[in-house]
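Novice: One file: protein08.cif (mmCIF, C-alpha atoms).
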```cif
data_start
loop_
_atom_site.label_atom_id
_atom_site.label_comp_id
_atom_site.auth_asym_id
_atom_site.auth_seq_id
_atom_site.Cartn_x
_atom_site.Cartn_y
_atom_site.Cartn_z
CA MET A 16 -133.93 20.23 -28.99
CA PRO A 17 -130.14 20.18 -29.50
CA SER A 18 -127.92 19.45 -26.54
CA ASP A 19 -125.98 22.07 -24.61
CA GLN A 20 -122.69 20.81 -25.98
CA LEU A 21 -123.85 21.17 -29.58
CA ILE A 22 -125.23 24.67 -28.95
CA PHE A 23 -121.99 25.84 -27.37
CA THR A 24 -119.85 24.24 -30.07
CA VAL A 25 -121.84 25.98 -32.80
CA THR A 26 -121.66 29.27 -30.87
CA ALA A 27 -117.89 28.90 -30.48
CA THR A 28 -117.52 28.25 -34.21
CA VAL A 29 -119.61 31.32 -35.02
CA LEU A 30 -117.52 33.46 -32.65
CA VAL A 31 -114.25 32.31 -34.21
CA VAL A 32 -115.54 32.90 -37.76
CA ILE A 33 -116.89 36.36 -36.86
CA GLY A 34 -113.61 37.25 -35.16
CA LEU A 35 -111.52 36.15 -38.13
CA GLY A 36 -113.80 38.04 -40.53
CA SER A 37 -113.65 41.20 -38.45
CA MET A 38 -109.88 40.90 -38.11
CA ALA A 39 -109.55 40.77 -41.88
CA TYR A 40 -112.09 43.58 -42.42
CA SER A 41 -110.96 45.96 -39.68
CA ARG A 42 -109.12 49.22 -40.42
CA ASN A 43 -108.40 49.98 -36.78
CA LEU A 44 -105.87 48.19 -34.59
CA ILE A 45 -108.07 48.46 -31.49
CA LYS A 46 -110.85 46.71 -33.39
CA THR A 47 -108.34 44.05 -34.39
CA VAL A 48 -107.55 43.41 -30.73
CA MET A 49 -111.29 43.19 -30.02
CA ALA A 50 -111.60 40.64 -32.84
CA PHE A 51 -108.77 38.66 -31.26
CA GLN A 52 -110.68 38.74 -27.99
CA ALA A 53 -113.76 37.34 -29.76
CA ILE A 54 -111.62 34.50 -31.14
CA VAL A 55 -110.31 33.80 -27.63
CA PHE A 56 -113.92 33.72 -26.38
CA GLY A 57 -114.78 31.18 -29.06
CA ALA A 58 -111.76 29.03 -28.23
CA ASN A 59 -112.58 29.13 -24.50
CA LEU A 60 -116.19 28.18 -25.14
CA ALA A 61 -115.16 25.30 -27.41
CA LEU A 62 -112.71 24.00 -24.79
CA PHE A 63 -115.32 24.31 -22.06
CA SER A 64 -118.06 22.61 -24.07
CA SER A 65 -115.75 19.71 -24.95
CA GLY A 66 -115.78 18.63 -21.31
CA LEU A 67 -119.48 19.12 -20.61
CA GLY A 68 -121.17 16.04 -19.17
CA SER A 69 -118.08 13.87 -19.10
CA TYR A 70 -115.37 12.85 -16.67
CA SER A 71 -112.82 15.09 -18.44
CA SER A 72 -114.61 18.22 -17.20
CA TYR A 73 -111.74 19.22 -14.90
CA MET A 74 -109.22 18.82 -17.69
CA SER A 75 -111.20 21.06 -20.04
CA GLN A 76 -111.70 23.66 -17.30
CA THR A 77 -107.96 23.63 -16.63
CA PHE A 78 -107.27 24.31 -20.29
CA VAL A 79 -109.86 27.10 -20.29
CA LEU A 80 -108.12 28.70 -17.29
CA PHE A 81 -104.76 28.56 -19.04
CA SER A 82 -106.28 29.87 -22.27
CA ILE A 83 -107.85 32.81 -20.43
CA LEU A 84 -104.55 33.85 -18.87
CA VAL A 85 -102.53 33.39 -22.06
CA GLY A 86 -105.16 35.37 -24.02
CA ALA A 87 -105.05 38.20 -21.50
CA SER A 88 -101.23 38.28 -21.65
CA VAL A 89 -101.23 38.43 -25.45
CA GLU A 90 -103.84 41.16 -25.37
CA ALA A 91 -101.84 43.24 -22.89
CA VAL A 92 -98.76 43.07 -25.13
CA ALA A 93 -100.87 43.94 -28.18
CA LEU A 94 -102.34 46.98 -26.47
CA ALA A 95 -98.86 48.16 -25.41
CA ILE A 96 -97.70 47.81 -29.04
CA ILE A 97 -100.76 49.82 -30.13
CA VAL A 98 -99.82 52.65 -27.77
CA VAL A 99 -96.24 52.65 -29.12
CA ILE A 100 -97.49 52.65 -32.73
CA HIS A 101 -99.85 55.55 -32.03
CA ARG A 102 -97.04 57.57 -30.46
CA LYS A 103 -94.73 56.88 -33.39
CA TYR A 104 -97.08 57.20 -36.38
CA GLY A 105 -100.06 59.13 -35.00
CA THR A 106 -102.62 56.77 -36.49
CA LEU A 107 -104.04 53.32 -35.88
CA ASN A 108 -105.01 52.53 -39.45
CA PRO A 109 -102.71 49.71 -40.61
CA TRP A 110 -102.86 50.84 -44.25
CA GLU A 111 -101.72 54.38 -43.36
CA ILE A 112 -99.00 52.97 -41.12
CA ARG A 113 -97.77 50.88 -44.03
CA LYS A 114 -97.65 54.00 -46.25
CA LEU A 115 -95.86 56.06 -43.59
CA LYS A 116 -93.27 53.35 -43.09
CA HIS A 117 -91.79 53.76 -46.62
CA MET B 160 -134.83 23.94 -19.08
CA LEU B 161 -131.06 24.24 -19.29
CA ASP B 162 -131.19 23.83 -23.08
CA GLU B 163 -133.32 26.95 -23.45
CA VAL B 164 -130.98 28.84 -21.17
CA ALA B 165 -128.00 27.71 -23.28
CA LEU B 166 -129.76 28.78 -26.47
CA LEU B 167 -130.70 32.17 -25.05
CA LEU B 168 -127.25 32.84 -23.62
CA SER B 169 -125.55 31.75 -26.83
CA ALA B 170 -127.79 33.97 -28.96
CA ALA B 171 -127.15 36.94 -26.68
CA LEU B 172 -123.40 36.24 -26.77
CA ILE B 173 -123.33 36.17 -30.57
CA VAL B 174 -125.38 39.39 -30.81
CA THR B 175 -123.15 41.26 -28.37
CA VAL B 176 -119.98 40.11 -30.14
CA VAL B 177 -121.39 41.11 -33.54
CA VAL B 178 -122.34 44.56 -32.19
CA ALA B 179 -118.89 44.89 -30.62
CA LEU B 180 -116.99 44.03 -33.76
CA PHE B 181 -119.09 45.72 -36.43
CA SER B 182 -120.24 48.95 -34.78
CA LYS B 183 -118.55 52.16 -35.88
CA SER B 184 -118.17 53.64 -32.43
CA VAL B 185 -115.32 52.28 -30.34
CA SER B 186 -117.16 53.20 -27.15
CA VAL B 187 -120.15 51.06 -28.13
CA SER B 188 -117.75 48.24 -28.98
CA LEU B 189 -116.17 48.50 -25.55
CA ILE B 190 -119.52 48.36 -23.76
CA SER B 191 -120.69 45.47 -25.89
CA LEU B 192 -117.47 43.53 -25.37
CA PHE B 193 -117.86 44.04 -21.63
CA TYR B 194 -121.38 42.58 -21.89
CA SER B 195 -120.12 39.59 -23.87
CA SER B 196 -117.40 38.92 -21.28
CA LEU B 197 -120.04 38.92 -18.56
CA LEU B 198 -122.23 36.60 -20.63
CA LEU B 199 -119.47 34.07 -21.18
CA GLY B 200 -118.70 34.16 -17.45
CA ILE B 201 -122.39 33.47 -16.73
CA ILE B 202 -122.30 30.54 -19.19
CA PHE B 203 -119.24 29.05 -17.48
CA ALA B 204 -120.69 29.51 -14.01
CA THR B 205 -124.10 28.11 -14.99
CA TYR B 206 -122.62 24.92 -16.44
CA GLY B 207 -120.39 23.96 -13.52
CA GLY B 208 -117.25 26.02 -14.08
CA ILE B 209 -117.60 28.47 -11.22
CA LEU B 210 -113.86 29.13 -10.90
CA VAL B 211 -113.45 29.44 -14.66
CA GLY B 212 -116.37 31.88 -14.85
CA LEU B 213 -114.97 33.91 -11.98
CA VAL B 214 -111.48 34.11 -13.49
CA HIS B 215 -112.97 34.94 -16.89
CA VAL B 216 -115.05 37.81 -15.53
CA ILE B 217 -112.17 39.16 -13.45
CA THR B 218 -109.72 38.94 -16.34
CA PHE B 219 -111.74 40.03 -19.33
CA ALA B 220 -114.59 42.12 -17.92
CA GLY B 221 -112.25 43.63 -15.35
CA ALA B 222 -108.62 43.94 -16.38
CA VAL B 223 -108.79 43.73 -20.17
CA SER B 224 -111.77 46.09 -20.39
CA VAL B 225 -109.94 48.65 -18.29
CA MET B 226 -106.82 48.26 -20.44
CA LEU B 227 -108.88 48.71 -23.61
CA LEU B 228 -110.59 51.77 -22.15
CA THR B 229 -107.21 53.25 -21.19
CA VAL B 230 -105.82 52.68 -24.68
CA VAL B 231 -108.93 54.18 -26.30
CA LEU B 232 -108.67 57.26 -24.10
CA MET B 233 -104.91 57.59 -24.66
CA THR B 234 -105.16 57.33 -28.42
CA GLY B 235 -108.32 59.43 -28.71
CA GLU B 236 -110.01 56.89 -30.96
CA SER B 237 -113.39 57.37 -29.29
CA LYS B 238 -113.69 60.82 -30.89
CA LEU B 239 -112.90 59.71 -34.42
CA MET B 240 -115.83 57.40 -35.07
CA VAL B 241 -119.52 58.24 -35.19
CA GLY B 242 -121.83 55.93 -33.28
CA ARG B 243 -125.18 54.53 -34.38
CA ARG B 244 -128.29 55.01 -32.32
CA GLU B 245 -129.84 51.65 -33.28
CA LEU B 246 -126.86 49.77 -31.85
CA VAL B 247 -127.49 51.29 -28.44
CA LEU B 248 -131.09 50.09 -28.78
CA ILE B 249 -129.88 46.58 -29.65
CA LEU B 250 -127.59 46.62 -26.64
CA THR B 251 -130.44 47.62 -24.38
CA LEU B 252 -132.65 44.87 -25.80
CA VAL B 253 -129.88 42.32 -25.37
CA SER B 254 -129.18 43.33 -21.79
CA ILE B 255 -132.78 42.65 -20.70
CA PRO B 256 -132.67 38.83 -21.27
CA ILE B 257 -129.18 38.75 -19.75
CA VAL B 258 -130.44 40.28 -16.54
CA GLY B 259 -133.51 38.02 -16.69
CA VAL B 260 -131.53 34.83 -17.14
CA ALA B 261 -128.98 35.82 -14.52
CA SER B 262 -131.65 36.60 -11.95
CA TYR B 263 -133.54 33.40 -12.84
CA GLU B 264 -130.38 31.32 -12.42
CA ALA B 265 -129.60 33.06 -9.15
CA LEU B 266 -133.10 32.42 -7.80
CA GLU B 267 -133.19 28.85 -9.13
CA GLY B 268 -129.66 27.92 -8.12
CA LEU B 269 -129.75 28.94 -4.46
CA PRO B 270 -132.09 26.22 -3.15
CA GLN B 271 -130.41 23.56 -5.34
CA ALA B 272 -127.02 24.47 -3.99
CA ALA B 273 -128.38 24.21 -0.49
CA SER B 274 -129.88 20.77 -1.11
CA GLN B 275 -126.86 19.35 -2.98
CA PRO B 276 -123.74 19.83 -0.88
CA THR B 277 -121.69 17.40 -3.06
CA ILE B 278 -121.21 19.87 -5.93
CA PRO B 279 -117.47 20.02 -6.68
CA GLY B 280 -116.10 23.27 -5.37
CA ILE B 281 -113.37 25.64 -6.43
CA SER B 282 -110.69 23.96 -4.30
CA THR B 283 -111.16 20.67 -6.16
CA LEU B 284 -110.13 22.26 -9.45
CA PHE B 285 -107.14 23.93 -7.79
CA GLN B 286 -106.13 20.56 -6.33
CA PHE B 287 -106.50 18.91 -9.74
CA ILE B 288 -104.27 21.53 -11.39
CA TRP B 289 -101.68 21.34 -8.61
CA GLU B 290 -101.49 17.53 -8.75
CA PHE B 291 -101.81 16.80 -12.45
CA ARG B 292 -100.77 19.94 -14.38
CA PRO B 293 -97.93 21.57 -12.36
CA TRP B 294 -95.63 22.03 -15.36
CA ASP B 295 -98.38 23.73 -17.33
CA LEU B 296 -98.91 26.03 -14.36
CA LEU B 297 -95.19 26.87 -14.29
CA ILE B 298 -95.16 27.58 -18.05
CA LEU B 299 -98.25 29.73 -17.65
CA ILE B 300 -96.64 31.79 -14.89
CA MET B 301 -93.54 32.25 -17.08
CA VAL B 302 -95.69 33.37 -20.05
CA PHE B 303 -97.59 35.82 -17.87
CA ALA B 304 -94.39 37.24 -16.34
CA ALA B 305 -92.77 37.54 -19.77
CA SER B 306 -95.77 39.41 -21.14
CA MET B 307 -95.75 41.82 -18.22
CA VAL B 308 -92.01 42.46 -18.70
CA ALA B 309 -92.66 43.05 -22.42
CA VAL B 310 -95.45 45.55 -21.67
CA VAL B 311 -93.30 47.48 -19.19
CA ASN B 312 -90.38 47.45 -21.62
CA LEU B 313 -92.49 48.68 -24.53
CA LEU B 314 -94.05 51.52 -22.59
CA SER B 315 -90.83 52.63 -20.90
CA SER B 316 -88.79 52.60 -24.12
CA SER B 317 -91.44 54.66 -25.90
CA ARG B 318 -91.37 57.15 -23.06
CA SER B 319 -87.58 57.54 -23.18
CA SER B 320 -87.58 58.01 -26.96
CA ARG B 321 -89.85 61.04 -26.80
#
```
Can you give me the file's structure in the form of structure tokens?

Specialist:
Amino acid sequence: MPSDQLIFTVTATVLVVIGLGSMAYSRNLIKTVMAFQAIVFGANLALFSSGLGSYSSYMSQTFVLFSILVGASVEAVALAIIVVIHRKYGTLNPWEIRKLKH
Amino acid sequence: MLDEVALLLSAALIVTVVVALFSKSVSVSLISLFYSSLLLGIIFATYGGILVGLVHVITFAGAVSVMLLTVVLMTGESKLMVGRRELVLILTLVSIPIVGVASYEALEGLPQAASQPTIPGISTLFQFIWEFRPWDLLILIMVFAASMVAVVNLLSSSRSSR
């Protein structure tokens, strides 16, 4: 049976890979923000699992706390930009926005 | 026993994130992302990070989910996509082990917490941050304030340009 740390590290890697793949595949800006959130989840889980069962547990939890708040701030700004883009261009498809720009 | 719980929670987390990112309906994605936020909070809380789990659930399952829902309703994206019925079924199947594990942990953890009063509490982590990472805390507060100013500025400038 693999240890908890290994399970969580593998899960975090899978989350980051899925998030990056979805971010590249997505044709909707809201889905892109959701993919970013999945990447943040993976990063938080990796940081948390790095301190499991060791004396540096508090340090890793501190970094997870900071990562959560920074991720939420970035996501709030991204959602505000999405609202502005929708008001200006009327669509959330990045390819259509690129066409409308020129 | 904790290894099985980790495996189950990790599998459920991956499934919910995959459903959230690859479903066609934005509404299903929102619900699934909410579930995955709750799951990650349960993982943190189960493995000793009670404060981290609490902050994670409050931030992502609370604030960010509401912000996403507001943006989806404002932009009308929920009407544009067609949902899939099987994804709702997957979500239902995923939610059953989540509730099971959560209730098991709640039932199992209560007597242990009563018999072990030396578990490090939330105040210990706060004390650690205050003593050893004060500059990081200051930078974090500045980043958070700057992001809020940026959000207000973006939304107010778009309103005045209409």

Novice: Could you tell me, as a PDB file with C-alpha atoms, in the frame of the given file, exactly which residues end up selected when the PyMOL selection byres ((chain B) within 8 of (chain A)) is applied to this structure?

Specialist:
```
ATOM      1  CA  LEU B 161    -131.060  24.240 -19.290  1.00  0.00           C
ATOM      2  CA  ASP B 162    -131.190  23.830 -23.080  1.00  0.00           C
ATOM      3  CA  ALA B 165    -128.000  27.710 -23.280  1.00  0.00           C
ATOM      4  CA  LEU B 166    -129.760  28.780 -26.470  1.00  0.00           C
ATOM      5  CA  SER B 169    -125.550  31.750 -26.830  1.00  0.00           C
ATOM      6  CA  ALA B 170    -127.790  33.970 -28.960  1.00  0.00           C
ATOM      7  CA  ILE B 173    -123.330  36.170 -30.570  1.00  0.00           C
ATOM      8  CA  VAL B 176    -119.980  40.110 -30.140  1.00  0.00           C
ATOM      9  CA  VAL B 177    -121.390  41.110 -33.540  1.00  0.00           C
ATOM     10  CA  ALA B 179    -118.890  44.890 -30.620  1.00  0.00           C
ATOM     11  CA  LEU B 180    -116.990  44.030 -33.760  1.00  0.00           C
ATOM     12  CA  PHE B 181    -119.090  45.720 -36.430  1.00  0.00           C
ATOM     13  CA  VAL B 185    -115.320  52.280 -30.340  1.00  0.00           C
ATOM     14  CA  LEU B 192    -117.470  43.530 -25.370  1.00  0.00           C
ATOM     15  CA  LEU B 199    -119.470  34.070 -21.180  1.00  0.00           C
ATOM     16  CA  PHE B 203    -119.240  29.050 -17.480  1.00  0.00           C
ATOM     17  CA  TYR B 206    -122.620  24.920 -16.440  1.00  0.00           C
ATOM     18  CA  GLY B 208    -117.250  26.020 -14.080  1.00  0.00           C
ATOM     19  CA  VAL B 211    -113.450  29.440 -14.660  1.00  0.00           C
ATOM     20  CA  VAL B 214    -111.480  34.110 -13.490  1.00  0.00           C
ATOM     21  CA  HIS B 215    -112.970  34.940 -16.890  1.00  0.00           C
ATOM     22  CA  THR B 218    -109.720  38.940 -16.340  1.00  0.00           C
ATOM     23  CA  PHE B 219    -111.740  40.030 -19.330  1.00  0.00           C
ATOM     24  CA  VAL B 223    -108.790  43.730 -20.170  1.00  0.00           C
ATOM     25  CA  MET B 226    -106.820  48.260 -20.440  1.00  0.00           C
ATOM     26  CA  LEU B 227    -108.880  48.710 -23.610  1.00  0.00           C
ATOM     27  CA  VAL B 230    -105.820  52.680 -24.680  1.00  0.00           C
ATOM     28  CA  VAL B 231    -108.930  54.180 -26.300  1.00  0.00           C
ATOM     29  CA  MET B 233    -104.910  57.590 -24.660  1.00  0.00           C
ATOM     30  CA  THR B 234    -105.160  57.330 -28.420  1.00  0.00           C
ATOM     31  CA  LEU B 284    -110.130  22.260  -9.450  1.00  0.00           C
ATOM     32  CA  PHE B 287    -106.500  18.910  -9.740  1.00  0.00           C
ATOM     33  CA  ILE B 288    -104.270  21.530 -11.390  1.00  0.00           C
ATOM     34  CA  LEU B 296     -98.910  26.030 -14.360  1.00  0.00           C
ATOM     35  CA  LEU B 299     -98.250  29.730 -17.650  1.00  0.00           C
ATOM     36  CA  VAL B 302     -95.690  33.370 -20.050  1.00  0.00           C
ATOM     37  CA  PHE B 303     -97.590  35.820 -17.870  1.00  0.00           C
ATOM     38  CA  SER B 306     -95.770  39.410 -21.140  1.00  0.00           C
ATOM     39  CA  MET B 307     -95.750  41.820 -18.220  1.00  0.00           C
ATOM     40  CA  ALA B 309     -92.660  43.050 -22.420  1.00  0.00           C
ATOM     41  CA  VAL B 310     -95.450  45.550 -21.670  1.00  0.00           C
ATOM     42  CA  LEU B 313     -92.490  48.680 -24.530  1.00  0.00           C
ATOM     43  CA  LEU B 314     -94.050  51.520 -22.590  1.00  0.00           C
ATOM     44  CA  SER B 317     -91.440  54.660 -25.900  1.00  0.00           C
TER      45      SER B 317
END
```

Novice: So how many Å separate CA of Val32 in chain A and CA of Ser195 in chain B, to one decimal?

Specialist: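 The value is 16.1 Å.
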
Novice: Please indicate the distance in Å from CA of Phe285 in chain B to CA of Ser65 in chain A, rounded to one decimal place.

Specialist: 19.7 Å

Novice: Which residue gives the smallest distance to Ser186 in chain B among B:Ile209, B:Leu228, B:Ala304, B:Val311, with all atoms listed in the file counted?

Specialist: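 Going through B:Ile209, B:Leu228, B:Ala304, B:Val311 one by one, the smallest distance to Ser186 in chain B is for B:Leu228.
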
Novice: Which distance in Å separates CA of Ala220 in chain B and CA of Thr175 in chain B, to one decimal?

Specialist: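 Going from CA of Ala220 in chain B over to CA of Thr175 in chain B covers 13.5 Å.
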
Novice: As a JSON list (two decimals), keeping the file's coordinate frame, please: range 19-40 of chain A completed to N, CA and C atoms.

Specialist:
```
[["chain", "number", "residue", "atom", "x", "y", "z"],
["A", 19, "ASP", "N", -126.77, 20.89, -24.99],
["A", 19, "ASP", "CA", -125.98, 22.07, -24.61],
["A", 19, "ASP", "C", -124.63, 22.10, -25.31],
["A", 20, "GLN", "N", -124.03, 20.89, -25.39],
["A", 20, "GLN", "CA", -122.69, 20.81, -25.98],
["A", 20, "GLN", "C", -122.72, 21.24, -27.44],
["A", 21, "LEU", "N", -123.74, 20.80, -28.15],
["A", 21, "LEU", "CA", -123.85, 21.17, -29.58],
["A", 21, "LEU", "C", -124.08, 22.68, -29.73],
["A", 22, "ILE", "N", -124.95, 23.23, -28.88],
["A", 22, "ILE", "CA", -125.23, 24.67, -28.95],
["A", 22, "ILE", "C", -123.96, 25.47, -28.71],
["A", 23, "PHE", "N", -123.21, 25.08, -27.69],
["A", 23, "PHE", "CA", -121.99, 25.84, -27.37],
["A", 23, "PHE", "C", -120.91, 25.65, -28.43],
["A", 24, "THR", "N", -120.85, 24.46, -29.01],
["A", 24, "THR", "CA", -119.85, 24.24, -30.07],
["A", 24, "THR", "C", -120.17, 25.10, -31.29],
["A", 25, "VAL", "N", -121.45, 25.15, -31.66],
["A", 25, "VAL", "CA", -121.84, 25.98, -32.80],
["A", 25, "VAL", "C", -121.58, 27.46, -32.49],
["A", 26, "THR", "N", -121.91, 27.88, -31.27],
["A", 26, "THR", "CA", -121.66, 29.27, -30.87],
["A", 26, "THR", "C", -120.17, 29.60, -30.93],
["A", 27, "ALA", "N", -119.34, 28.67, -30.45],
["A", 27, "ALA", "CA", -117.89, 28.90, -30.48],
["A", 27, "ALA", "C", -117.40, 29.02, -31.92],
["A", 28, "THR", "N", -117.92, 28.17, -32.80],
["A", 28, "THR", "CA", -117.52, 28.25, -34.21],
["A", 28, "THR", "C", -117.92, 29.59, -34.81],
["A", 29, "VAL", "N", -119.13, 30.02, -34.50],
["A", 29, "VAL", "CA", -119.61, 31.32, -35.02],
["A", 29, "VAL", "C", -118.72, 32.46, -34.51],
["A", 30, "LEU", "N", -118.36, 32.40, -33.23],
["A", 30, "LEU", "CA", -117.52, 33.46, -32.65],
["A", 30, "LEU", "C", -116.15, 33.51, -33.34],
["A", 31, "VAL", "N", -115.57, 32.33, -33.57],
["A", 31, "VAL", "CA", -114.25, 32.31, -34.21],
["A", 31, "VAL", "C", -114.34, 32.84, -35.64],
["A", 32, "VAL", "N", -115.39, 32.45, -36.37],
["A", 32, "VAL", "CA", -115.54, 32.90, -37.76],
["A", 32, "VAL", "C", -115.78, 34.42, -37.80],
["A", 33, "ILE", "N", -116.64, 34.91, -36.91],
["A", 33, "ILE", "CA", -116.89, 36.36, -36.86],
["A", 33, "ILE", "C", -115.61, 37.12, -36.51],
["A", 34, "GLY", "N", -114.86, 36.59, -35.55],
["A", 34, "GLY", "CA", -113.61, 37.25, -35.16],
["A", 34, "GLY", "C", -112.61, 37.28, -36.29],
["A", 35, "LEU", "N", -112.46, 36.17, -37.00],
["A", 35, "LEU", "CA", -111.52, 36.15, -38.13],
["A", 35, "LEU", "C", -111.97, 37.11, -39.23],
["A", 36, "GLY", "N", -113.29, 37.13, -39.50],
["A", 36, "GLY", "CA", -113.80, 38.04, -40.53],
["A", 36, "GLY", "C", -113.58, 39.49, -40.15],
["A", 37, "SER", "N", -113.85, 39.82, -38.89],
["A", 37, "SER", "CA", -113.65, 41.20, -38.45],
["A", 37, "SER", "C", -112.17, 41.58, -38.45],
["A", 38, "MET", "N", -111.31, 40.62, -38.12],
["A", 38, "MET", "CA", -109.88, 40.90, -38.11],
["A", 38, "MET", "C", -109.39, 41.21, -39.53],
["A", 39, "ALA", "N", -109.95, 40.51, -40.50],
["A", 39, "ALA", "CA", -109.55, 40.77, -41.88],
["A", 39, "ALA", "C", -110.16, 42.07, -42.41],
["A", 40, "TYR", "N", -111.35, 42.43, -41.90],
["A", 40, "TYR", "CA", -112.09, 43.58, -42.42],
["A", 40, "TYR", "C", -111.67, 44.88, -41.74]]
```
